[in-house]
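Have a look at the structure below before the remarks.
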Amino acid sequence: MNRRNAISICGIITFIATIILSKMCIDDWSGLTKWAFGTILGSEIVFFSGLLFAEYISQKTEQIITRVALYVLLSAYMLINVAVSVVFITSYKDENTSFVNTEVIIHALLFIAIIVFLTAGRSIYKSNRKTMANLANAEAMIGRLNKLAALDKCLAYRSALNKISDELRFSDISSPVLEDMEINKAISVIELEIVNDTETSEKVIKDALINLKSLVAQRNITISMAKKGNI
């Protein structure tokens, strides 16, 4: 049984149990008792529907923040709303205006809090996805350099390739910079020349290696300046 089915079944059982208990415990349905009881049932619907919504939306936001925030908010909402309804049923059956005002405040606070946490979760999710994409691109460049270094044709350039790969690996590869595009182009030049192996390939490769070393150094400077600017 998956989580969504379990939530749905628990919701149905709770809803039915509430109706049965109300028939047994409430004798006087005068005043706002019916409205307050309806609010209790509505709270249960909102609670379990909210849990199902949390399962759905967590796939498009930061899951930990979304699930924890919605579970806590919905649980607090249900407990408070049920408690308020019971208090009005038992002690303030004629306070219609106070009951309505209280319910409006409770629901307004709930929906505002949900919007705030969903917005934060979505923002963090996008940021993490962007960071993962940047890491994947940088790791791909490092992988290409390592693959070139392992080729017998690149024996003369192995040391330089490994050094550039290490410099790139130990730099901040989570942030994208303009130099990344140029680094990819320089690696492509080397890969192409290794395949073509023309008379000018050695010079072109050496020039590309010098360019790569310069680009990696410039990349580190660019990232360092960007971090200082953020601070």
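If you're wondering about the labels, chains in the structure tokens are A, B, ... by order shown, residues count from 1 in each chain, ligands from 1 in order shown.
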### Task
as a PyMOL selection string, list the residues of stretch 75-228 of chain A assigned to alpha helix (DSSP H) by DSSP on the backbone atoms of this structure.
chain A and resi 75-91+96-150+158-169+179-196+201-228
### Message
Can you pull out the residues contacting A:Ile114? Cut-off 10 Å, using only C-alpha atoms, and skip same-chain residues under 5 positions away; I want them as an MDAnalysis selection string.
### Response
chainID A and resid 50 66 69:70 73:74 108:109 119:120
Convert the current residue selection to file output with all heavy atoms, as a short mmCIF file (atom, residue, chain, number, x, y, z; two decimals), in the first residue's frame.
data_model
loop_
_atom_site.label_atom_id
_atom_site.label_comp_id
_atom_site.auth_asym_id
_atom_site.auth_seq_id
_atom_site.Cartn_x
_atom_site.Cartn_y
_atom_site.Cartn_z
N GLY A 50 -5.07 17.88 2.31
CA GLY A 50 -3.79 18.59 2.36
C GLY A 50 -2.62 17.64 2.38
O GLY A 50 -1.58 17.90 1.75
N THR A 66 8.71 20.94 2.18
CA THR A 66 7.29 20.90 1.84
C THR A 66 6.53 19.93 2.74
O THR A 66 5.49 20.28 3.32
CB THR A 66 7.10 20.49 0.38
OG1 THR A 66 7.77 21.44 -0.46
CG2 THR A 66 5.63 20.45 0.01
N ALA A 69 6.62 21.06 6.55
CA ALA A 69 5.83 22.29 6.74
C ALA A 69 4.34 22.01 6.63
O ALA A 69 3.55 22.41 7.50
CB ALA A 69 6.25 23.35 5.74
N LEU A 70 3.93 21.32 5.56
CA LEU A 70 2.51 21.06 5.37
C LEU A 70 1.95 20.11 6.42
O LEU A 70 0.83 20.30 6.91
CB LEU A 70 2.26 20.49 3.97
CG LEU A 70 2.42 21.48 2.81
CD1 LEU A 70 2.12 20.80 1.49
CD2 LEU A 70 1.51 22.68 2.99
N LEU A 73 1.66 22.21 9.66
CA LEU A 73 0.60 23.21 9.53
C LEU A 73 -0.78 22.57 9.54
O LEU A 73 -1.69 23.05 10.23
CB LEU A 73 0.80 24.01 8.24
CG LEU A 73 1.95 25.02 8.22
CD1 LEU A 73 2.12 25.60 6.83
CD2 LEU A 73 1.69 26.15 9.22
N LEU A 74 -0.94 21.51 8.77
CA LEU A 74 -2.24 20.86 8.69
C LEU A 74 -2.63 20.20 10.01
O LEU A 74 -3.80 20.22 10.41
CB LEU A 74 -2.23 19.82 7.56
CG LEU A 74 -2.17 20.40 6.14
CD1 LEU A 74 -1.86 19.31 5.12
CD2 LEU A 74 -3.49 21.09 5.79
N ALA A 108 -7.39 31.82 7.24
CA ALA A 108 -6.51 32.80 6.60
C ALA A 108 -5.05 32.54 6.98
O ALA A 108 -4.15 32.54 6.12
CB ALA A 108 -6.91 34.22 7.02
N LEU A 109 -4.81 32.28 8.27
CA LEU A 109 -3.44 31.99 8.72
C LEU A 109 -2.91 30.71 8.09
O LEU A 109 -1.74 30.64 7.70
CB LEU A 109 -3.41 31.87 10.25
CG LEU A 109 -3.65 33.16 11.04
CD1 LEU A 109 -3.72 32.87 12.54
CD2 LEU A 109 -2.54 34.17 10.76
N THR A 119 6.19 28.52 -1.53
CA THR A 119 7.04 29.42 -2.31
C THR A 119 8.51 29.19 -1.97
O THR A 119 9.37 29.13 -2.86
CB THR A 119 6.66 30.89 -2.04
OG1 THR A 119 5.29 31.10 -2.38
CG2 THR A 119 7.53 31.83 -2.86
N ALA A 120 8.79 29.07 -0.67
CA ALA A 120 10.17 28.83 -0.24
C ALA A 120 10.67 27.48 -0.75
O ALA A 120 11.80 27.36 -1.24
CB ALA A 120 10.25 28.88 1.29
#
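Of the listed residues (A:Ile142, A:Ala36, A:Val204, A:Ile183), A:Ala36 comes nearest to A:Phe99; the distances count only C-alpha atoms.
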### Task
May I have the residues within 10 Å of A:Thr18 as an NGL selection string, using only C-alpha atoms and disregarding those fewer than 3 positions away in the same chain?
:A and (12-15 or 21-24 or 37 or 40-41 or 44)
### Message
To one decimal place in Å, what is the distance between atom CA of A:Ala138 and atom CA of A:Ile205?
### Response
20.8 Å
### Message
Need to verify the contact set: A:Asn81, 9 Å, only C-alpha atoms, exclusion of same-chain residues closer than 5 positions in sequence. Can you return it as a PyMOL selection string?
### Response
chain A and resi 39-40+43+76+86+103+106
Tell me which protein, DNA and RNA residues are within 12 Å of A:Leu178, counting only C-alpha atoms, leaving out same-chain ones fewer than 3 positions away, and put them as a compact mmCIF listing (two decimals) with C-alpha atoms, in the first residue's frame.
# COMPACT_ATOMS: atom_id res chain seq x y z
CA SER A 175 28.47 27.79 -9.95
CA MET A 181 31.58 27.42 -22.43
CA GLU A 182 35.10 28.30 -23.54
CA ILE A 183 36.54 25.38 -21.56
CA ASN A 184 34.16 23.01 -23.31
CA LYS A 185 35.22 24.43 -26.69
CA LEU A 215 40.56 29.55 -18.73
CA VAL A 216 40.48 27.44 -15.57
CA GLN A 218 40.24 32.83 -15.03
CA ARG A 219 37.24 30.75 -14.01
CA ASN A 220 38.46 30.64 -10.42
CA ILE A 221 38.97 34.39 -10.42
CA THR A 222 35.49 34.99 -11.83
CA ILE A 223 33.88 32.77 -9.16
CA ALA A 226 31.21 36.77 -7.82
#### Entry: Close residues, A:Gly143 itself excluded, 10 Å, only C-alpha atoms, min 5 positions apart in chain, as a list in words
Asn137, Ala138, Leu148, Ala149, Ser165 and Arg169 of chain A
Next, the residues of the selection above should be written as a short mmCIF file (atom, residue, chain, number, x, y, z; two decimals), in the first residue's frame with N, CA, C and O atoms.
data_model
loop_
_atom_site.label_atom_id
_atom_site.label_comp_id
_atom_site.auth_asym_id
_atom_site.auth_seq_id
_atom_site.Cartn_x
_atom_site.Cartn_y
_atom_site.Cartn_z
N ASN A 137 27.53 19.43 -15.50
CA ASN A 137 28.30 20.00 -16.61
C ASN A 137 29.80 20.01 -16.28
O ASN A 137 30.63 19.64 -17.12
N ALA A 138 30.12 20.44 -15.05
CA ALA A 138 31.54 20.49 -14.64
C ALA A 138 32.14 19.10 -14.57
O ALA A 138 33.28 18.87 -15.00
N LEU A 148 40.70 11.85 -22.08
CA LEU A 148 41.80 12.21 -22.98
C LEU A 148 43.14 11.81 -22.40
O LEU A 148 44.02 11.28 -23.11
N ALA A 149 43.32 12.05 -21.10
CA ALA A 149 44.59 11.75 -20.45
C ALA A 149 44.90 10.25 -20.46
O ALA A 149 46.06 9.85 -20.43
N SER A 165 42.65 18.94 -15.08
CA SER A 165 41.50 18.24 -14.52
C SER A 165 41.43 18.41 -13.01
O SER A 165 40.35 18.67 -12.44
N ARG A 169 38.61 20.18 -10.80
CA ARG A 169 37.90 19.37 -9.81
C ARG A 169 37.89 20.04 -8.44
O ARG A 169 36.88 19.99 -7.72
#
### Message
Under the rule that only C-alpha atoms are counted, which of A:Ala150, A:Val87, A:Ala133, A:Leu110 is the nearest residue to A:Phe47?
### Response
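Going through A:Ala150, A:Val87, A:Ala133, A:Leu110 one by one, the smallest distance to A:Phe47 is for A:Leu110.
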### Message
Quick check, in Å to one decimal: how far apart do atom CA of A:Asn162 and atom CA of A:Lys147 lie?
### Response
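Atom-to-atom, atom CA of A:Asn162 and atom CA of A:Lys147 are spaced 9.9 Å apart.
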Against stretch 122-130 of chain A, which residues of stretch 163-226 of chain A fall within 12 Å? For each one I want the closest pair of atoms and the distance in Å (one decimal), counting only C-alpha atoms, rows by chain and increasing residue number, as CSV.
residue,atom,partner,partner_atom,distance
A:Ile173,CA,A:Lys130,CA,11.9
A:Ser174,CA,A:Lys130,CA,8.8
A:Ser175,CA,A:Lys130,CA,8.9
A:Pro176,CA,A:Lys130,CA,9.3
### Query
atom CA of A:Asn146 and atom CA of A:Arg158 are how many Å apart?
8.8 Å
Hey, what's within 9 Å of A:Ser58 if we count only C-alpha atoms and toss same-chain stuff fewer than 6 positions away? As a PDB file with all heavy atoms, in the first residue's frame, please?
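Here's the written file result-v5.pdb:
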ATOM      1  N   ILE A  64      11.681  17.827   1.674  1.00  0.00           N
ATOM      2  CA  ILE A  64      11.758  17.865   3.137  1.00  0.00           C
ATOM      3  C   ILE A  64      11.004  19.075   3.684  1.00  0.00           C
ATOM      4  O   ILE A  64      10.180  18.955   4.603  1.00  0.00           O
ATOM      5  CB  ILE A  64      13.226  17.891   3.601  1.00  0.00           C
ATOM      6  CG1 ILE A  64      13.923  16.585   3.221  1.00  0.00           C
ATOM      7  CG2 ILE A  64      13.303  18.108   5.117  1.00  0.00           C
ATOM      8  CD1 ILE A  64      15.381  16.537   3.561  1.00  0.00           C
ATOM      9  N   ILE A  65      11.280  20.241   3.109  1.00  0.00           N
ATOM     10  CA  ILE A  65      10.623  21.464   3.579  1.00  0.00           C
ATOM     11  C   ILE A  65       9.117  21.383   3.358  1.00  0.00           C
ATOM     12  O   ILE A  65       8.317  21.702   4.250  1.00  0.00           O
ATOM     13  CB  ILE A  65      11.190  22.698   2.864  1.00  0.00           C
ATOM     14  CG1 ILE A  65      12.651  22.922   3.284  1.00  0.00           C
ATOM     15  CG2 ILE A  65      10.360  23.943   3.164  1.00  0.00           C
ATOM     16  CD1 ILE A  65      13.315  24.064   2.582  1.00  0.00           C
ATOM     17  N   THR A  66       8.710  20.943   2.182  1.00  0.00           N
ATOM     18  CA  THR A  66       7.289  20.900   1.843  1.00  0.00           C
ATOM     19  C   THR A  66       6.532  19.931   2.739  1.00  0.00           C
ATOM     20  O   THR A  66       5.493  20.278   3.315  1.00  0.00           O
ATOM     21  CB  THR A  66       7.098  20.491   0.376  1.00  0.00           C
ATOM     22  OG1 THR A  66       7.765  21.440  -0.460  1.00  0.00           O
ATOM     23  CG2 THR A  66       5.628  20.453   0.013  1.00  0.00           C
ATOM     24  N   ARG A  67       7.043  18.715   2.852  1.00  0.00           N
ATOM     25  CA  ARG A  67       6.333  17.703   3.643  1.00  0.00           C
ATOM     26  C   ARG A  67       6.252  18.104   5.108  1.00  0.00           C
ATOM     27  O   ARG A  67       5.182  18.069   5.722  1.00  0.00           O
ATOM     28  CB  ARG A  67       7.032  16.350   3.511  1.00  0.00           C
ATOM     29  CG  ARG A  67       6.664  15.586   2.245  1.00  0.00           C
ATOM     30  CD  ARG A  67       6.893  14.104   2.432  1.00  0.00           C
ATOM     31  NE  ARG A  67       6.424  13.353   1.286  1.00  0.00           N
ATOM     32  CZ  ARG A  67       7.212  12.869   0.343  1.00  0.00           C
ATOM     33  NH1 ARG A  67       8.504  13.092   0.392  1.00  0.00           N
ATOM     34  NH2 ARG A  67       6.728  12.179  -0.665  1.00  0.00           N
ATOM     35  N   GLY A 121       9.820  26.464  -0.640  1.00  0.00           N
ATOM     36  CA  GLY A 121      10.202  25.133  -1.096  1.00  0.00           C
ATOM     37  C   GLY A 121      10.458  25.091  -2.590  1.00  0.00           C
ATOM     38  O   GLY A 121      11.401  24.444  -3.056  1.00  0.00           O
TER      39      GLY A 121
END
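The nearest approach to A:Leu168 among the residues A:Met78, A:Ile194, A:Met141, A:Ile187, with only C-alpha atoms taken into account, belongs to A:Met141.
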### Closest of A:Leu52, A:Ser214, A:Asp207, A:Ser188 to A:Ser8 - atom-to-atom distances counting only C-alpha atoms
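Closest residue, counting only C-alpha atoms: A:Leu52.
Among the candidates A:Asp28, A:Glu202, A:Asp94, A:Glu55, the one nearest to A:Ala156 when counting only C-alpha atoms is A:Glu202.
Among A:Leu32, A:Leu155, A:Ala186, A:Cys25, the residue with the shortest atom-to-atom distance to A:Lys93, counting only C-alpha atoms, is A:Leu32.
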